[in-house]
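Visitor: This is upload-v6.txt (compact mmCIF, C-alpha atoms).
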```txt
# COMPACT_ATOMS: atom_id res chain seq x y z
CA MET A 1 7.27 -6.28 -30.77
CA ASN A 2 4.62 -8.57 -32.18
CA THR A 3 1.10 -8.31 -30.86
CA TYR A 4 -1.13 -11.34 -30.46
CA GLN A 5 -4.69 -11.64 -29.35
CA LEU A 6 -5.56 -14.61 -27.16
CA ASN A 7 -8.79 -15.71 -25.60
CA VAL A 8 -8.07 -16.79 -22.03
CA SER A 9 -10.33 -17.19 -19.06
CA PHE A 10 -9.76 -15.30 -15.85
CA ASP A 11 -8.52 -18.49 -14.16
CA GLN A 12 -6.07 -19.10 -17.00
CA LEU A 13 -4.78 -15.55 -16.69
CA LEU A 14 -4.29 -16.00 -12.94
CA SER A 15 -2.40 -19.22 -13.57
CA ILE A 16 -0.09 -17.41 -16.02
CA LEU A 17 0.47 -14.54 -13.56
CA LYS A 18 1.39 -16.95 -10.78
CA GLN A 19 4.21 -18.23 -12.97
CA CYS A 20 5.73 -14.75 -13.36
CA SER A 21 8.71 -13.61 -11.33
CA VAL A 22 8.34 -10.92 -8.69
CA SER A 23 9.88 -8.29 -10.97
CA GLU A 24 7.52 -9.27 -13.81
CA LYS A 25 4.56 -9.00 -11.44
CA GLN A 26 5.75 -5.53 -10.38
CA GLN A 27 5.95 -4.49 -14.04
CA ILE A 28 2.42 -5.77 -14.65
CA ILE A 29 1.10 -3.86 -11.64
CA THR A 30 2.85 -0.70 -12.79
CA GLU A 31 1.36 -1.04 -16.26
CA LEU A 32 -2.13 -1.61 -14.87
CA LEU A 33 -1.88 1.40 -12.56
CA ASN A 34 -0.56 3.62 -15.36
CA GLU A 35 -3.34 2.46 -17.65
CA ASN A 36 -6.08 3.24 -15.17
CA PRO A 37 -5.60 6.26 -12.86
CA ARG A 38 -8.92 5.54 -11.12
CA LEU A 39 -7.56 2.16 -10.05
CA LYS A 40 -4.45 3.83 -8.70
CA PHE A 41 -6.57 6.27 -6.68
CA ALA A 42 -8.84 3.48 -5.40
CA LEU A 43 -5.85 1.50 -4.16
CA PHE A 44 -4.46 4.64 -2.53
CA MET A 45 -7.74 5.24 -0.70
CA GLU A 46 -7.87 1.63 0.54
CA LYS A 47 -4.75 2.33 2.57
CA PHE A 48 -6.80 4.55 4.85
CA ASP A 49 -9.38 3.33 7.30
CA LYS A 50 -12.91 3.79 6.12
CA GLU A 51 -13.58 5.33 9.52
CA VAL A 52 -12.76 9.02 9.80
CA LEU A 53 -10.95 10.03 12.98
CA SER A 54 -11.93 13.17 14.82
CA ASP A 55 -9.36 15.77 15.84
CA GLU A 56 -9.85 14.70 19.45
CA GLU A 57 -9.11 11.04 18.64
CA ILE A 58 -5.97 12.06 16.76
CA LYS A 59 -4.85 14.24 19.69
CA GLU A 60 -5.46 11.39 22.15
CA GLU A 61 -3.36 9.00 20.04
CA ILE A 62 -0.54 11.55 19.80
CA ASP A 63 -0.60 12.08 23.55
CA THR A 64 -0.54 8.32 24.17
CA VAL A 65 2.46 7.79 21.89
CA ARG A 66 4.31 10.76 23.39
CA GLN A 67 3.72 9.40 26.91
CA GLU A 68 4.94 5.93 25.91
CA ARG A 69 8.07 7.39 24.30
CA TYR A 70 8.71 9.57 27.38
CA GLU A 71 8.40 6.56 29.69
CA LYS A 72 10.91 4.67 27.52
CA GLY A 73 13.38 7.54 27.88
CA TYR A 74 13.38 8.67 24.26
CA HIS A 75 13.28 12.28 25.41
CA GLN A 76 16.74 12.10 26.98
CA ILE A 77 19.81 13.20 25.08
CA LYS A 78 22.19 10.30 24.65
CA LYS A 79 25.88 11.04 25.24
CA ALA A 80 28.30 9.60 22.70
```
Using the file provided, produce a representation of the structure as C-alpha cells.

Guide:
Amino acid sequence: MNTYQLNVSFDQLLSILKQCSVSEKQQIITELLNENPRLKFALFMEKFDKEVLSDEEIKEEIDTVRQERYEKGYHQIKKA
C-alpha cells in the first residue's frame, strides 16, 4: 500500500468522510478507536448519565418497572 501525505482542512476532511459508505465509516471509527484507547473510554463513559444514581433511586426504578410488568400480566405463565 502506498502512503501519501496530504494537507487538508478539517472541513475538507469532513466532506470526504460524508462521501464514504456506511461500512467505510465503520472501519474509520474502528481504526480511530483502536489508535486511541482514551477516546474509546471517553465514548464509553458518555453512554452513562453524568448524574450518579443512589441505591435508593435504583431500587425505586426497579420497583416501578416490576409493578408495571405485574400490572401488564408478565408474571403469569402462558400456556402453549

Visitor: Mind pulling up the distance from CA of Tyr74 in chain A to CA of Ile62 in chain A?

Guide: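 Separation of CA of Ile62 in chain A and CA of Tyr74 in chain A: 14.9 Å.
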
Visitor: Counting all atoms listed in the file, which of A:Met45, A:Ile29, A:Gly73, A:Glu68 gets nearest to Leu17 in chain A?

Guide: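 Checking each candidate against Leu17 in chain A, we get A:Ile29 as the closest.
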
Visitor: Build an axis-aligned box that encloses every atom of range 31-46 of chain A listed in the file, pad it by 5 Å on each side, and report its centre and edge lengths in Å to one decimal, as lines of an AutoDock Vina configuration file.

Guide:
```
center_x = -3.8
center_y = 2.3
center_z = -8.6
size_x = 20.3
size_y = 17.9
size_z = 28.2
```

Visitor: So how many Å separate CA of Ile16 in chain A and CA of Thr30 in chain A, to one decimal?

Guide: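 Rounded to one decimal, the two atoms are 17.3 Å apart.
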
Visitor: Do you have the CA of Phe48 in chain A-CA of Gln27 in chain A distance handy?

Guide: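 Calculated distance between CA of Phe48 in chain A and CA of Gln27 in chain A is 24.5 Å.
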
Visitor: Can we get range 15-31 of chain A of that structure written down with N, CA and C atoms, as a compact mmCIF listing (two decimals), in the first residue's frame?

Guide:
```txt
# COMPACT_ATOMS: atom_id res chain seq x y z
N SER A 15 -15.96 16.64 4.53
CA SER A 15 -16.59 16.47 3.22
C SER A 15 -16.22 15.11 2.63
N ILE A 16 -14.97 14.71 2.75
CA ILE A 16 -14.53 13.40 2.26
C ILE A 16 -15.24 12.29 3.03
N LEU A 17 -15.31 12.42 4.35
CA LEU A 17 -15.94 11.38 5.18
C LEU A 17 -17.42 11.23 4.85
N LYS A 18 -18.08 12.31 4.53
CA LYS A 18 -19.50 12.25 4.19
C LYS A 18 -19.75 11.47 2.90
N GLN A 19 -18.73 11.36 2.08
CA GLN A 19 -18.85 10.62 0.83
C GLN A 19 -18.62 9.12 1.01
N CYS A 20 -18.13 8.72 2.16
CA CYS A 20 -17.83 7.31 2.43
C CYS A 20 -19.12 6.53 2.66
N SER A 21 -19.06 5.24 2.37
CA SER A 21 -20.19 4.36 2.65
C SER A 21 -20.27 4.11 4.15
N VAL A 22 -21.36 3.52 4.57
CA VAL A 22 -21.54 3.21 5.99
C VAL A 22 -20.44 2.26 6.46
N SER A 23 -20.15 1.24 5.69
CA SER A 23 -19.12 0.27 6.10
C SER A 23 -17.74 0.93 6.17
N GLU A 24 -17.45 1.86 5.26
CA GLU A 24 -16.18 2.58 5.32
C GLU A 24 -16.11 3.46 6.56
N LYS A 25 -17.23 4.10 6.89
CA LYS A 25 -17.27 4.93 8.10
C LYS A 25 -17.06 4.08 9.34
N GLN A 26 -17.64 2.87 9.36
CA GLN A 26 -17.45 1.97 10.50
C GLN A 26 -15.98 1.57 10.62
N GLN A 27 -15.33 1.33 9.49
CA GLN A 27 -13.91 0.98 9.51
C GLN A 27 -13.07 2.13 10.04
N ILE A 28 -13.41 3.35 9.64
CA ILE A 28 -12.68 4.53 10.11
C ILE A 28 -12.85 4.69 11.61
N ILE A 29 -14.07 4.53 12.09
CA ILE A 29 -14.33 4.62 13.53
C ILE A 29 -13.53 3.58 14.29
N THR A 30 -13.55 2.35 13.79
CA THR A 30 -12.80 1.27 14.44
C THR A 30 -11.31 1.60 14.50
N GLU A 31 -10.77 2.09 13.42
CA GLU A 31 -9.35 2.46 13.39
C GLU A 31 -9.05 3.57 14.39
```
